[in-house]
Amino acid sequence: MRRALTTAIALSATVAFAPLATAQQEEPALVMDGTVANGRNITALAGPCKTYSEVTSPGLAAPIALNPSSDPAKAYGSGEVTIKEGTYTASVQCDGKTLTAKFTVLPLVINWYLYPAEVEPGGTITAGGDMNTGCHASGPLESPGFAEPLRFTRGGNFGRFSGDTKAATTPGTYEVVFQCANRPERSVKTFRILGTPPTTTTPPATTTPPNPQAPKPKPKPVVKPKGAPETGAGGTAP
């Protein structure tokens with residue numbers, strides 16, 4: 001009985017200290033998201049180490065400061081990536097050793113919608129999108145086809161947003177520009193207000209009526225040609 005108890009205690013000690021032994025044998029590493037949407041945040045996990053520097057990379061908008069995570073031997077942080085697509089290398093100093101990781105910033109995708117594509121005069125127009133693609137609107141959407149600007153008054157999960165406005169009453173096809181905030185990219189969509197667009201006609205040319213009070217032009221004098229022969233009723237001299 002005593003021998004069995006001793007064996008059980010030994011096995012328990014082995015199980016209890018196994019995670020610690022594994023942690024001590026783990027090689028330090030910098031782990032980051034492999035891909036990230038343009039202009040969005042990326043996470044970084046470094047360790048196990050006792051001391052850390054900031055995570056730096058040309059692909060980051062600013063260095064990422066690391067803070068202790070749930071694992072005391074590792075540190076965690078997040079930061080915004082650049083708006084320029086491409087593959088980048090990040091590095092961090094961990095107990096004086098340089099750890100690196102690669103990540104890819106994806107091309108910008110402006111994810112938004114506008115519907116319906118055709119609407120009755122004065123009908124409802126709806127627009128919305130997803131901020132997690134790295135582009136959100138710089139303000140309300142405006143268009144000559146809107147009775148008033150379209151404001152995003154509704155939010156949702158995962159960065160979604162939407163809003164409504166009324167269409168104008170003049171039929172025709174109109175553009176709506178979705179401008180990204182804090183960056184130059186934009187996206188343009190169109191919609192049509194049903195009906196026959198008004199036609200523009202050129203008015204006929206008008207002539208100015210004569211002024212009855214205007215003075216009449218004087219008749220030009222008759223000019224006789226020089227050297228004309230003289231004529232008369234008498235006869236010729238003998």
# chains A, B, ... in the order shown; residues from 1 in each chain; ligands from 1
>>> residues_around(residues="Ser187 of chain A", least_positions_apart="6", cutoff="10 Å", atoms="only C-alpha atoms", output="number ranges by chain")
A: 109-112, 176-180
>>> write_last_selection(atoms="all heavy atoms", output="PDB file, in the first residue's frame")
ATOM      1  N   VAL A 109      -9.624  47.834 -49.351  1.00  0.00           N
ATOM      2  CA  VAL A 109     -10.933  47.492 -49.913  1.00  0.00           C
ATOM      3  C   VAL A 109     -11.961  48.432 -49.287  1.00  0.00           C
ATOM      4  O   VAL A 109     -12.139  48.429 -48.063  1.00  0.00           O
ATOM      5  CB  VAL A 109     -11.313  46.030 -49.626  1.00  0.00           C
ATOM      6  CG1 VAL A 109     -12.715  45.730 -50.168  1.00  0.00           C
ATOM      7  CG2 VAL A 109     -10.301  45.076 -50.243  1.00  0.00           C
ATOM      8  N   ILE A 110     -12.598  49.253 -50.110  1.00  0.00           N
ATOM      9  CA  ILE A 110     -13.644  50.149 -49.605  1.00  0.00           C
ATOM     10  C   ILE A 110     -14.959  49.395 -49.687  1.00  0.00           C
ATOM     11  O   ILE A 110     -15.540  49.241 -50.765  1.00  0.00           O
ATOM     12  CB  ILE A 110     -13.691  51.460 -50.414  1.00  0.00           C
ATOM     13  CG1 ILE A 110     -12.314  52.130 -50.410  1.00  0.00           C
ATOM     14  CG2 ILE A 110     -14.740  52.400 -49.839  1.00  0.00           C
ATOM     15  CD1 ILE A 110     -12.251  53.398 -51.235  1.00  0.00           C
ATOM     16  N   ASN A 111     -15.401  48.899 -48.556  1.00  0.00           N
ATOM     17  CA  ASN A 111     -16.578  48.031 -48.520  1.00  0.00           C
ATOM     18  C   ASN A 111     -17.798  48.854 -48.096  1.00  0.00           C
ATOM     19  O   ASN A 111     -17.997  49.130 -46.912  1.00  0.00           O
ATOM     20  CB  ASN A 111     -16.328  46.875 -47.537  1.00  0.00           C
ATOM     21  CG  ASN A 111     -17.474  45.885 -47.517  1.00  0.00           C
ATOM     22  OD1 ASN A 111     -18.294  45.858 -48.435  1.00  0.00           O
ATOM     23  ND2 ASN A 111     -17.543  45.080 -46.481  1.00  0.00           N
ATOM     24  N   TRP A 112     -18.606  49.261 -49.084  1.00  0.00           N
ATOM     25  CA  TRP A 112     -19.837  49.979 -48.762  1.00  0.00           C
ATOM     26  C   TRP A 112     -20.875  49.679 -49.826  1.00  0.00           C
ATOM     27  O   TRP A 112     -20.561  49.173 -50.890  1.00  0.00           O
ATOM     28  CB  TRP A 112     -19.581  51.488 -48.646  1.00  0.00           C
ATOM     29  CG  TRP A 112     -19.369  52.199 -49.960  1.00  0.00           C
ATOM     30  CD1 TRP A 112     -18.308  52.092 -50.810  1.00  0.00           C
ATOM     31  CD2 TRP A 112     -20.249  53.152 -50.568  1.00  0.00           C
ATOM     32  NE1 TRP A 112     -18.464  52.913 -51.898  1.00  0.00           N
ATOM     33  CE2 TRP A 112     -19.640  53.577 -51.777  1.00  0.00           C
ATOM     34  CE3 TRP A 112     -21.480  53.691 -50.220  1.00  0.00           C
ATOM     35  CZ2 TRP A 112     -20.220  54.506 -52.616  1.00  0.00           C
ATOM     36  CZ3 TRP A 112     -22.070  54.626 -51.059  1.00  0.00           C
ATOM     37  CH2 TRP A 112     -21.445  55.019 -52.242  1.00  0.00           C
ATOM     38  N   VAL A 176     -22.777  59.161 -56.159  1.00  0.00           N
ATOM     39  CA  VAL A 176     -22.557  59.324 -54.723  1.00  0.00           C
ATOM     40  C   VAL A 176     -21.099  58.964 -54.453  1.00  0.00           C
ATOM     41  O   VAL A 176     -20.647  57.883 -54.824  1.00  0.00           O
ATOM     42  CB  VAL A 176     -23.487  58.435 -53.884  1.00  0.00           C
ATOM     43  CG1 VAL A 176     -23.274  58.688 -52.397  1.00  0.00           C
ATOM     44  CG2 VAL A 176     -24.942  58.672 -54.260  1.00  0.00           C
ATOM     45  N   VAL A 177     -20.354  59.849 -53.799  1.00  0.00           N
ATOM     46  CA  VAL A 177     -18.937  59.638 -53.519  1.00  0.00           C
ATOM     47  C   VAL A 177     -18.761  59.252 -52.053  1.00  0.00           C
ATOM     48  O   VAL A 177     -19.220  59.959 -51.159  1.00  0.00           O
ATOM     49  CB  VAL A 177     -18.110  60.895 -53.831  1.00  0.00           C
ATOM     50  CG1 VAL A 177     -16.642  60.675 -53.465  1.00  0.00           C
ATOM     51  CG2 VAL A 177     -18.246  61.265 -55.293  1.00  0.00           C
ATOM     52  N   PHE A 178     -18.088  58.115 -51.826  1.00  0.00           N
ATOM     53  CA  PHE A 178     -17.732  57.666 -50.481  1.00  0.00           C
ATOM     54  C   PHE A 178     -16.246  57.963 -50.291  1.00  0.00           C
ATOM     55  O   PHE A 178     -15.389  57.291 -50.859  1.00  0.00           O
ATOM     56  CB  PHE A 178     -18.003  56.168 -50.331  1.00  0.00           C
ATOM     57  CG  PHE A 178     -17.849  55.632 -48.931  1.00  0.00           C
ATOM     58  CD1 PHE A 178     -18.959  55.386 -48.148  1.00  0.00           C
ATOM     59  CD2 PHE A 178     -16.593  55.373 -48.409  1.00  0.00           C
ATOM     60  CE1 PHE A 178     -18.823  54.887 -46.856  1.00  0.00           C
ATOM     61  CE2 PHE A 178     -16.442  54.879 -47.128  1.00  0.00           C
ATOM     62  CZ  PHE A 178     -17.562  54.634 -46.345  1.00  0.00           C
ATOM     63  N   GLN A 179     -15.935  59.001 -49.520  1.00  0.00           N
ATOM     64  CA  GLN A 179     -14.553  59.443 -49.313  1.00  0.00           C
ATOM     65  C   GLN A 179     -14.013  58.869 -48.008  1.00  0.00           C
ATOM     66  O   GLN A 179     -14.613  59.030 -46.955  1.00  0.00           O
ATOM     67  CB  GLN A 179     -14.484  60.969 -49.272  1.00  0.00           C
ATOM     68  CG  GLN A 179     -13.101  61.529 -48.966  1.00  0.00           C
ATOM     69  CD  GLN A 179     -12.095  61.207 -50.053  1.00  0.00           C
ATOM     70  OE1 GLN A 179     -12.317  61.545 -51.209  1.00  0.00           O
ATOM     71  NE2 GLN A 179     -10.989  60.577 -49.692  1.00  0.00           N
ATOM     72  N   CYS A 180     -12.855  58.187 -48.089  1.00  0.00           N
ATOM     73  CA  CYS A 180     -12.233  57.654 -46.878  1.00  0.00           C
ATOM     74  C   CYS A 180     -11.742  58.795 -45.994  1.00  0.00           C
ATOM     75  O   CYS A 180     -11.215  59.797 -46.492  1.00  0.00           O
ATOM     76  CB  CYS A 180     -11.055  56.753 -47.221  1.00  0.00           C
ATOM     77  SG  CYS A 180     -11.498  55.269 -48.134  1.00  0.00           S
TER      78      CYS A 180
END
>>> closest_residue(among="A:Pro58, A:Pro28, A:Gly129, A:Gly79", to="Ser162 of chain A", atoms="only C-alpha atoms")
A:Gly129
>>> residues_around(residues="segment 37-42 of chain A", least_positions_apart="4", cutoff="10 Å", atoms="only C-alpha atoms", output="list in words")
Met32, Asp33, Gly59, Leu60, Ala61, Ile64, Gly77, Ser78, Gly79, Glu80, Val81, Thr82, Ile83, Lys84, Glu85, Gly86, Phe103, Thr104, Val105, Leu106, Pro107, Leu108, Val109, Met131, Asn132, Thr133, Gly134, Cys135 and Arg183 of chain A
>>> residues_around(residues="Pro68 of chain A", least_positions_apart="5", cutoff="12 Å", atoms="only C-alpha atoms", output="PyMOL selection string")
chain A and resi 44-52+73-77
>>> write_last_selection(atoms="N, CA, C and O atoms", output="short mmCIF file (atom, residue, chain, number, x, y, z; two decimals), in the first residue's frame")
data_model
loop_
_atom_site.label_atom_id
_atom_site.label_comp_id
_atom_site.auth_asym_id
_atom_site.auth_seq_id
_atom_site.Cartn_x
_atom_site.Cartn_y
_atom_site.Cartn_z
N ALA A 44 0.74 41.42 -31.58
CA ALA A 44 2.09 40.87 -31.45
C ALA A 44 2.22 40.20 -30.09
O ALA A 44 1.77 40.75 -29.07
N LEU A 45 2.83 39.02 -30.06
CA LEU A 45 3.09 38.27 -28.83
C LEU A 45 4.54 37.84 -28.84
O LEU A 45 4.99 37.18 -29.79
N ALA A 46 5.29 38.21 -27.82
CA ALA A 46 6.72 37.90 -27.77
C ALA A 46 7.06 37.17 -26.48
O ALA A 46 6.46 37.41 -25.43
N GLY A 47 8.05 36.28 -26.56
CA GLY A 47 8.52 35.59 -25.37
C GLY A 47 8.73 34.10 -25.62
O GLY A 47 8.58 33.62 -26.75
N PRO A 48 9.09 33.37 -24.56
CA PRO A 48 9.25 33.86 -23.19
C PRO A 48 10.56 34.62 -23.00
O PRO A 48 11.61 34.18 -23.45
N CYS A 49 10.48 35.78 -22.32
CA CYS A 49 11.63 36.61 -22.02
C CYS A 49 11.36 37.38 -20.73
O CYS A 49 10.21 37.50 -20.29
N LYS A 50 12.43 37.94 -20.17
CA LYS A 50 12.28 38.77 -18.98
C LYS A 50 12.17 40.24 -19.33
O LYS A 50 11.50 41.01 -18.66
N THR A 51 12.85 40.67 -20.38
CA THR A 51 12.81 42.07 -20.79
C THR A 51 12.47 42.16 -22.27
O THR A 51 12.85 41.31 -23.07
N TYR A 52 11.74 43.24 -22.63
CA TYR A 52 11.28 43.41 -24.01
C TYR A 52 11.50 44.84 -24.46
O TYR A 52 11.48 45.78 -23.65
N ALA A 73 5.57 34.97 -18.69
CA ALA A 73 6.82 34.91 -19.44
C ALA A 73 6.71 35.53 -20.82
O ALA A 73 7.70 35.60 -21.54
N LYS A 74 5.51 35.99 -21.20
CA LYS A 74 5.30 36.56 -22.53
C LYS A 74 4.65 37.92 -22.42
O LYS A 74 4.03 38.25 -21.41
N ALA A 75 4.80 38.72 -23.47
CA ALA A 75 4.22 40.07 -23.51
C ALA A 75 3.39 40.23 -24.77
O ALA A 75 3.68 39.62 -25.81
N TYR A 76 2.40 41.08 -24.67
CA TYR A 76 1.40 41.21 -25.74
C TYR A 76 1.16 42.69 -26.03
O TYR A 76 1.25 43.55 -25.15
N GLY A 77 0.84 42.99 -27.31
CA GLY A 77 0.49 44.35 -27.68
C GLY A 77 -0.17 44.38 -29.05
O GLY A 77 -0.20 43.38 -29.77
#
>>> atom_distance(atom1="atom CA of Val36 of chain A", atom2="atom CA of Cys94 of chain A")
23.9 Å
>>> residues_around(residues="segment 189-191 of chain A", least_positions_apart="4", cutoff="7 Å", atoms="only C-alpha atoms", output="list in words")
Ala117, Glu118, Thr173, Tyr174, Glu175, Val176 and Val177 of chain A
>>> select_by_dssp(residues="segment 26-219 of chain A", states="strand (DSSP E)", output="PyMOL selection string")
chain A and resi 29-32+35-36+41-47+67-68+75-80+86-94+97-105+112-115+118-119+124-130+154-155+160-166+172-179+186-193
>>> atom_distance(atom1="atom CA of Asn157 of chain A", atom2="atom CA of Asp130 of chain A")
9.4 Å
>>> residues_around(residues="Ala101 of chain A", least_positions_apart="3", cutoff="8 Å", atoms="only C-alpha atoms", output="PyMOL selection string")
chain A and resi 30-32+89-91
>>> write_last_selection(atoms="N, CA, C and O atoms", output="short mmCIF file (atom, residue, chain, number, x, y, z; two decimals), in the first residue's frame")
data_model
loop_
_atom_site.label_atom_id
_atom_site.label_comp_id
_atom_site.auth_asym_id
_atom_site.auth_seq_id
_atom_site.Cartn_x
_atom_site.Cartn_y
_atom_site.Cartn_z
N LEU A 30 8.69 35.84 -31.73
CA LEU A 30 7.75 36.93 -31.96
C LEU A 30 6.68 36.41 -32.90
O LEU A 30 6.97 36.00 -34.02
N VAL A 31 5.44 36.43 -32.44
CA VAL A 31 4.32 35.90 -33.22
C VAL A 31 3.38 37.06 -33.55
O VAL A 31 2.94 37.79 -32.65
N MET A 32 3.06 37.24 -34.84
CA MET A 32 2.15 38.30 -35.28
C MET A 32 1.17 37.73 -36.29
O MET A 32 1.39 36.68 -36.88
N THR A 89 8.76 43.09 -42.34
CA THR A 89 9.41 42.36 -41.26
C THR A 89 9.36 43.21 -39.99
O THR A 89 9.70 44.40 -40.02
N ALA A 90 8.92 42.61 -38.89
CA ALA A 90 8.89 43.28 -37.59
C ALA A 90 9.95 42.65 -36.70
O ALA A 90 10.30 41.48 -36.85
N SER A 91 10.47 43.43 -35.76
CA SER A 91 11.51 42.92 -34.86
C SER A 91 11.29 43.45 -33.45
O SER A 91 10.69 44.51 -33.25
#
>>> atom_distance(atom1="atom CA of Ala168 of chain A", atom2="atom CA of Pro121 of chain A")
5.9 Å
>>> closest_atom_pairs(of="segment 108-127 of chain A", to="segment 146-153 of chain A", cutoff="10 Å", atoms="only C-alpha atoms", output="JSON lines")
{"residue": "A:Pro121", "atom": "CA", "partner": "A:Ala147", "partner_atom": "CA", "distance": 9.8}
{"residue": "A:Gly122", "atom": "CA", "partner": "A:Ala147", "partner_atom": "CA", "distance": 7.7}
{"residue": "A:Gly123", "atom": "CA", "partner": "A:Ala147", "partner_atom": "CA", "distance": 9.8}
{"residue": "A:Thr124", "atom": "CA", "partner": "A:Phe146", "partner_atom": "CA", "distance": 9.5}
{"residue": "A:Ile125", "atom": "CA", "partner": "A:Phe146", "partner_atom": "CA", "distance": 8.3}
{"residue": "A:Thr126", "atom": "CA", "partner": "A:Leu150", "partner_atom": "CA", "distance": 8.0}
{"residue": "A:Ala127", "atom": "CA", "partner": "A:Leu150", "partner_atom": "CA", "distance": 7.8}
>>> write_last_selection(atoms="C-alpha atoms", output="CSV table (one decimal), in the first residue's frame")
chain,number,residue,atom,x,y,z
A,121,PRO,CA,-38.8,60.3,-56.9
A,122,GLY,CA,-38.8,61.0,-53.2
A,123,GLY,CA,-38.2,57.4,-52.3
A,124,THR,CA,-35.8,56.1,-49.6
A,125,ILE,CA,-32.1,55.5,-50.3
A,126,THR,CA,-30.0,53.4,-47.9
A,127,ALA,CA,-26.2,53.2,-47.6
